[in-house]
Each structure stands twice: as C-alpha cells, then as structure tokens.
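K.L.:
Here you go, this is data.cif (mmCIF, C-alpha atoms).
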```
data_data
#
loop_
_atom_site.group_PDB
_atom_site.id
_atom_site.type_symbol
_atom_site.label_atom_id
_atom_site.label_comp_id
_atom_site.auth_asym_id
_atom_site.auth_seq_id
_atom_site.Cartn_x
_atom_site.Cartn_y
_atom_site.Cartn_z
ATOM 1 C CA MET W 1 18.152 1.282 -3.990
ATOM 2 C CA GLU W 2 17.939 -2.313 -2.829
ATOM 3 C CA HIS W 3 14.573 -4.110 -2.538
ATOM 4 C CA ILE W 4 14.382 -7.071 -0.169
ATOM 5 C CA ARG W 5 11.235 -9.168 -0.110
ATOM 6 C CA LEU W 6 10.436 -10.761 3.242
ATOM 7 C CA THR W 7 8.332 -13.905 3.459
ATOM 8 C CA ASP W 8 8.600 -14.234 7.236
ATOM 9 C CA THR W 9 9.816 -12.224 10.223
ATOM 10 C CA SER W 10 13.266 -13.803 10.536
ATOM 11 C CA HIS W 11 15.054 -10.987 8.683
ATOM 12 C CA HIS W 12 17.054 -8.808 11.097
ATOM 13 C CA ARG W 13 15.299 -5.666 9.768
ATOM 14 C CA PHE W 14 11.722 -6.900 10.205
ATOM 15 C CA ASN W 15 11.214 -5.279 13.634
ATOM 16 C CA GLU W 16 12.515 -1.937 12.347
ATOM 17 C CA ALA W 17 10.175 -2.186 9.339
ATOM 18 C CA TRP W 18 7.239 -3.120 11.570
ATOM 19 C CA GLU W 19 7.915 -0.110 13.806
ATOM 20 C CA LEU W 20 7.823 2.122 10.717
ATOM 21 C CA TYR W 21 4.541 0.469 9.670
ATOM 22 C CA GLU W 22 2.959 1.068 13.080
ATOM 23 C CA GLN W 23 4.229 4.654 13.196
ATOM 24 C CA ALA W 24 3.096 5.513 9.666
ATOM 25 C CA PHE W 25 -0.463 4.142 9.770
ATOM 26 C CA PRO W 26 -3.263 4.578 12.318
ATOM 27 C CA LEU W 27 -4.678 1.419 13.880
ATOM 28 C CA GLU W 28 -7.738 1.343 11.608
ATOM 29 C CA GLU W 29 -5.466 1.313 8.525
ATOM 30 C CA ARG W 30 -3.126 -1.517 9.480
ATOM 31 C CA ARG W 31 -3.409 -5.234 10.025
ATOM 32 C CA PRO W 32 -2.523 -6.923 13.324
ATOM 33 C CA LEU W 33 0.880 -8.596 13.533
ATOM 34 C CA HIS W 34 -0.530 -12.149 13.760
ATOM 35 C CA TRP W 35 -2.408 -11.596 10.500
ATOM 36 C CA GLN W 36 0.706 -10.109 8.908
ATOM 37 C CA LEU W 37 2.642 -13.242 9.842
ATOM 38 C CA ASP W 38 -0.014 -15.397 8.158
ATOM 39 C CA ILE W 39 0.059 -13.585 4.807
ATOM 40 C CA MET W 40 3.786 -12.952 4.378
ATOM 41 C CA PRO W 41 4.425 -16.309 2.659
ATOM 42 C CA TYR W 42 1.560 -15.804 0.149
ATOM 43 C CA ALA W 43 2.971 -15.872 -3.378
ATOM 44 C CA ASN W 44 1.080 -12.760 -4.465
ATOM 45 C CA TYR W 45 1.881 -10.703 -1.341
ATOM 46 C CA HIS W 46 5.073 -8.657 -1.168
ATOM 47 C CA PHE W 47 6.505 -7.209 2.030
ATOM 48 C CA GLU W 48 9.435 -5.224 0.678
ATOM 49 C CA LEU W 49 12.154 -3.416 2.570
ATOM 50 C CA LEU W 50 13.730 -0.547 0.676
ATOM 51 C CA LEU W 51 17.359 -0.049 1.639
ATOM 52 C CA GLN W 52 20.074 2.338 0.618
ATOM 53 C CA GLU W 53 23.601 1.760 1.875
ATOM 54 C CA ASP W 54 22.158 -0.764 4.354
ATOM 55 C CA ALA W 55 19.803 1.836 5.903
ATOM 56 C CA LEU W 56 16.026 1.357 5.878
ATOM 57 C CA VAL W 57 14.545 3.980 3.575
ATOM 58 C CA GLY W 58 11.008 2.642 3.542
ATOM 59 C CA ILE W 59 8.556 -0.190 3.180
ATOM 60 C CA LEU W 60 6.320 -1.150 0.269
ATOM 61 C CA LEU W 61 3.635 -3.735 1.018
ATOM 62 C CA TRP W 62 1.750 -4.769 -2.093
ATOM 63 C CA TRP W 63 -0.264 -7.469 -3.840
ATOM 64 C CA SER W 64 0.323 -8.858 -7.313
ATOM 65 C CA PHE W 65 -2.706 -10.005 -9.292
ATOM 66 C CA GLU W 66 -3.080 -10.942 -12.953
ATOM 67 C CA GLU W 67 -4.761 -7.684 -13.902
ATOM 68 C CA ILE W 68 -3.431 -5.228 -11.325
ATOM 69 C CA ARG W 69 -0.922 -4.482 -8.575
ATOM 70 C CA PHE W 70 -2.326 -3.098 -5.325
ATOM 71 C CA VAL W 71 -0.151 -1.048 -2.978
ATOM 72 C CA GLU W 72 -1.640 -1.683 0.428
ATOM 73 C CA HIS W 73 0.959 0.188 2.501
ATOM 74 C CA PHE W 74 3.831 2.463 1.580
ATOM 75 C CA ALA W 75 5.940 4.564 3.934
ATOM 76 C CA THR W 76 9.344 6.181 4.035
ATOM 77 C CA ALA W 77 11.434 6.557 7.170
ATOM 78 C CA PRO W 78 10.428 9.770 9.004
ATOM 79 C CA ALA W 79 13.978 11.190 8.912
ATOM 80 C CA LEU W 80 14.033 10.825 5.112
ATOM 81 C CA ARG W 81 10.644 12.296 4.239
ATOM 82 C CA GLY W 82 10.674 15.281 1.928
ATOM 83 C CA ARG W 83 13.937 14.222 0.249
ATOM 84 C CA GLY W 84 12.471 12.632 -2.872
ATOM 85 C CA TYR W 85 12.745 8.991 -1.806
ATOM 86 C CA GLY W 86 8.992 8.414 -1.949
ATOM 87 C CA LYS W 87 8.753 9.655 -5.509
ATOM 88 C CA LEU W 88 11.796 7.580 -6.495
ATOM 89 C CA ILE W 89 10.328 4.445 -4.905
ATOM 90 C CA LEU W 90 6.925 4.895 -6.569
ATOM 91 C CA GLU W 91 8.390 5.619 -9.989
ATOM 92 C CA SER W 92 10.627 2.564 -9.728
ATOM 93 C CA PHE W 93 7.652 0.436 -8.670
ATOM 94 C CA THR W 94 5.311 1.627 -11.423
ATOM 95 C CA SER W 95 7.987 1.052 -14.066
ATOM 96 C CA ARG W 96 8.664 -2.577 -13.017
ATOM 97 C CA ASN W 97 5.956 -3.864 -15.349
ATOM 98 C CA THR W 98 2.968 -2.649 -17.321
ATOM 99 C CA ARG W 99 0.159 -3.816 -15.043
ATOM 100 C CA PRO W 100 -1.849 -0.919 -13.605
ATOM 101 C CA VAL W 101 -1.332 0.018 -9.953
ATOM 102 C CA LEU W 102 -4.028 0.835 -7.386
ATOM 103 C CA LEU W 103 -3.704 2.347 -3.938
ATOM 104 C CA GLU W 104 -6.080 3.791 -1.353
ATOM 105 C CA VAL W 105 -6.163 7.368 -0.047
ATOM 106 C CA GLU W 106 -8.385 9.279 2.317
ATOM 107 C CA PRO W 107 -10.771 11.703 0.601
ATOM 108 C CA PRO W 108 -8.859 14.996 0.318
ATOM 109 C CA HIS W 109 -10.953 17.095 2.712
ATOM 110 C CA GLU W 110 -8.067 18.401 4.824
ATOM 111 C CA GLU W 111 -4.626 19.787 3.981
ATOM 112 C CA MET W 112 -2.637 16.629 4.852
ATOM 113 C CA GLN W 113 -4.951 14.466 2.743
ATOM 114 C CA GLN W 114 -4.712 16.960 -0.143
ATOM 115 C CA ARG W 115 -0.913 16.908 0.088
ATOM 116 C CA ARG W 116 -0.918 13.104 -0.032
ATOM 117 C CA VAL W 117 -3.101 13.100 -3.171
ATOM 118 C CA ARG W 118 -0.837 15.693 -4.826
ATOM 119 C CA PHE W 119 2.210 13.583 -3.938
ATOM 120 C CA TYR W 120 0.747 10.560 -5.742
ATOM 121 C CA GLU W 121 -0.409 12.707 -8.668
ATOM 122 C CA LYS W 122 3.172 13.946 -9.128
ATOM 123 C CA SER W 123 4.167 10.286 -9.529
ATOM 124 C CA GLY W 124 1.597 9.724 -12.277
ATOM 125 C CA PHE W 125 -1.389 8.505 -10.256
ATOM 126 C CA THR W 126 -4.945 9.643 -10.954
ATOM 127 C CA LEU W 127 -7.642 10.102 -8.321
ATOM 128 C CA ASN W 128 -10.777 8.065 -9.041
ATOM 129 C CA HIS W 129 -14.102 9.140 -7.572
ATOM 130 C CA HIS W 130 -15.930 5.793 -7.520
ATOM 131 C CA PHE W 131 -17.449 4.757 -4.191
ATOM 132 C CA TYR W 132 -15.007 2.538 -2.308
ATOM 133 C CA GLN W 133 -14.728 1.293 1.255
ATOM 134 C CA GLN W 134 -11.751 -0.362 2.891
ATOM 135 C CA PRO W 135 -12.943 -3.308 4.967
ATOM 136 C CA PRO W 136 -11.967 -3.150 8.643
ATOM 137 C CA TYR W 137 -8.715 -4.725 9.816
ATOM 138 C CA HIS W 138 -10.009 -5.238 13.363
ATOM 139 C CA PRO W 139 -13.234 -6.706 14.802
ATOM 140 C CA GLY W 140 -15.802 -4.105 15.735
ATOM 141 C CA GLN W 141 -14.428 -1.431 13.411
ATOM 142 C CA GLU W 142 -16.462 0.081 10.614
ATOM 143 C CA PRO W 143 -15.298 0.141 6.980
ATOM 144 C CA LEU W 144 -13.384 3.276 5.970
ATOM 145 C CA THR W 145 -14.688 5.292 3.035
ATOM 146 C CA LEU W 146 -11.625 5.949 0.906
ATOM 147 C CA LEU W 147 -10.778 6.697 -2.710
ATOM 148 C CA LEU W 148 -8.665 4.698 -5.099
ATOM 149 C CA MET W 149 -5.816 6.218 -7.044
ATOM 150 C CA SER W 150 -4.588 4.435 -10.144
ATOM 151 C CA HIS W 151 -1.537 4.477 -12.360
ATOM 152 C CA PRO W 152 -1.169 5.124 -15.265
ATOM 153 C CA ALA W 153 -4.802 6.162 -15.913
ATOM 154 C CA THR W 154 -8.236 6.303 -14.314
ATOM 155 C CA ILE W 155 -10.135 3.066 -13.860
ATOM 156 C CA SER W 156 -13.773 2.324 -14.511
ATOM 157 C CA ALA W 157 -16.474 1.660 -11.940
ATOM 158 C CA GLU W 158 -16.572 -1.893 -13.332
ATOM 159 C CA ALA W 159 -12.856 -2.342 -12.623
ATOM 160 C CA VAL W 160 -13.402 -1.121 -9.048
ATOM 161 C CA ALA W 161 -16.325 -3.556 -8.661
ATOM 162 C CA HIS W 162 -14.114 -6.409 -9.922
ATOM 163 C CA PHE W 163 -11.347 -5.433 -7.499
ATOM 164 C CA VAL W 164 -13.808 -5.285 -4.594
ATOM 165 C CA SER W 165 -15.466 -8.618 -5.362
ATOM 166 C CA HIS W 166 -12.424 -10.620 -6.498
ATOM 167 C CA ARG W 167 -9.439 -9.164 -4.617
ATOM 168 C CA LEU W 168 -10.639 -7.626 -1.349
ATOM 169 C CA PRO W 169 -11.749 -10.991 0.078
ATOM 170 C CA LEU W 170 -8.123 -12.172 0.049
ATOM 171 C CA ILE W 171 -6.527 -8.868 1.046
ATOM 172 C CA TYR W 172 -8.884 -8.200 3.957
ATOM 173 C CA ARG W 173 -9.771 -11.794 4.922
ATOM 174 C CA LEU W 174 -13.442 -11.416 4.135
ATOM 175 C CA THR W 175 -13.960 -15.127 3.507
ATOM 176 C CA GLU W 176 -12.981 -16.492 6.904
#
```
I'd like the structure from this file rewritten - as structure tokens, please.

P.N.:
Amino acid sequence: MEHIRLTDTSHHRFNEAWELYEQAFPLEERRPLHWQLDIMPYANYHFELLLQEDALVGILLWWSFEEIRFVEHFATAPALRGRGYGKLILESFTSRNTRPVLLEVEPPHEEMQQRRVRFYEKSGFTLNHHFYQQPPYHPGQEPLTLLLMSHPATISAEAVAHFVSHRLPLIYRLTE
C-alpha cells in the first residue's frame, strides 16, 4: 500500500480524501476546511492518503510528537470496509516506529461504539478509562467526553494529563 503525505490541497486526490473525511466523521468530530488548510504544512502533522493500485483506500491524519503519535482521524473508503484494510493500515502504522500511539473513541455504550473499540483492540490497542474530553472543533460546541485507546499498552493518568496540557493546545487550537 502506498502512503502519500499531503502538505497542501494541490494534490489531485485531496478533494476525494476530504469527501471521505466529511462522510466518515460527524461535524463535531472534524475540523473546518480553512483550519485544515492552516495545519497541513505543520512539520508534526501528517495528512496521509492510503492508495492501492492508484485507488484511495483510506486516510490517516495524525500528529507526531517526541513521546507519542496521535491518530486524530482514520477512515477507509466505504466500499472497502470490512475487507481487512483498516487492520492492515493500523498494523503498518503502529509498526513504523516504537513510539506509543493514542487515538480517541466514543465510550462504548452502543453497539457501533463497541464494535469500533473491538476493531482497535484486535489491532493491539487498549482502552483506557481516564477522564478525557475532546475540545470542540467549532465555536459554540461543547467538548466531547471520549476515551483514549493506546498502543501497545495502557497509559497512565499522568500521561493523559501531559497529553492534554502539552499537545491538545496545538491539535485543537486552544491557544489562539
């Protein structure tokens, strides 16, 4: 599978990737396009297209920090879901280097949320039960209470506190 990192929207597949992003995530879980355009050139932000035989398989939008990698958004093309691509993409990503990986999930109260947690667990992620809220992407929205999943092992409450205080301000523009 080919990984292509975009640092702006000039790539001919950006619009297709953005459509997948908008389809895969509800409004409260995605950033506005103008904000996306601002962060794409950041050295520690990665907007990756995942291609196979020149077809878009998925997107992986993640942050690289000294101590951790944070998967902010990950989606496979709807027509390819359930075919093992997601697992393949995650396993490839987690094996790229030894830094731990974090990602957010909704608390598993309903069947779809439980399936999502099980999907990540099958790829070696562990559900952490520390209090965590995703800051809002849009003015007037409330923070979302979510849970963090980590790979390859659980993380401490102190590690979550460090992530919240040192990384969320950049990811969610809390310092503007």

K.L.:
Taking only C-alpha atoms into account, name the residue in W:Met112, W:Pro107, W:Thr76, W:Thr145 that is nearest to Leu127 in chain W.

P.N.:
W:Pro107

K.L.:
Please provide as a list of chain:residue names all residues within 12 Å of His130 in chain W, with the sequence filter that same-chain residues fewer than 4 positions apart are discarded (counting only C-alpha atoms).

P.N.:
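Surrounding residues, per the criterion: W:Glu104, W:Pro107, W:Thr145, W:Leu146, W:Leu147, W:Leu148, W:Met149, W:Ser150, W:Thr154, W:Ile155, W:Ser156, W:Ala157, W:Glu158, W:Ala159, W:Val160, W:Ala161, W:Val164.
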
K.L.:
Quick one: apply the PyMOL selection byres ((chain W and resi 10-24) around 12) to the file and drop the selected residues here as a VMD selection string.

P.N.:
chain W and resid 4 to 9 25 to 33 36 to 37 40 47 to 51 54 to 61 72 to 79 81

K.L.:
Using CA of Phe70 in chain W and CA of Lys122 in chain W as the two end points, give the distance in Å to one decimal.

P.N.:
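Separation between CA of Phe70 in chain W and CA of Lys122 in chain W: 18.3 Å.
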
K.L.:
Quick one: of W:Trp63, W:Tyr172, W:Tyr85, W:Phe93, who's nearest to Tyr137 in chain W, counting all atoms listed in the file?

P.N.:
W:Tyr172

K.L.:
Return as AutoDock Vina command-line options the box centre and box size in Å, one decimal, for an axis-aligned box around all listed atoms of range 24-35 of chain W padded by 5 Å per side.

P.N.:
```
--center_x -2.3 --center_y -3.3 --center_z 11.2 --size_x 20.8 --size_y 27.7 --size_z 15.4
```

K.L.:
Figure out the distance between CA of Glu2 in chain W and CA of Val101 in chain W, please, to one decimal in Å.

P.N.:
20.7 Å

K.L.:
Between CA of Pro41 in chain W and CA of Leu102 in chain W, what is the spacing in Å?

P.N.:
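Spanning CA of Leu102 in chain W to CA of Pro41 in chain W is a straight-line distance of 21.6 Å.
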
K.L.:
Using only C-alpha atoms, can you tell me which of W:Arg99, W:Arg115, W:His109, W:Arg69 comes closest to Gly82 in chain W?

P.N.:
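Checking each of W:Arg99, W:Arg115, W:His109, W:Arg69 against Gly82 in chain W, counting only C-alpha atoms, the winner is W:Arg115.
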
K.L.:
Pick from W:Leu174, W:Thr126, W:Glu111, W:Glu121: nearest to Pro139 in chain W, with all atoms listed in the file counted?

P.N.:
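The shortest atom-to-atom distance to Pro139 in chain W comes from W:Leu174.
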
K.L.:
So which one's closest to Glu91 in chain W, W:Phe125, W:Phe131, W:Phe65, W:Gln114? Using only C-alpha atoms, please.

P.N.:
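The answer is W:Phe125, which sits nearest to Glu91 in chain W.
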
K.L.:
W:Gly86, W:Asp38, W:Val105, W:Pro136: which is nearest Pro169 in chain W, counting all atoms listed in the file?

P.N.:
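Of the candidates, the smallest distance to Pro169 in chain W is held by W:Pro136.
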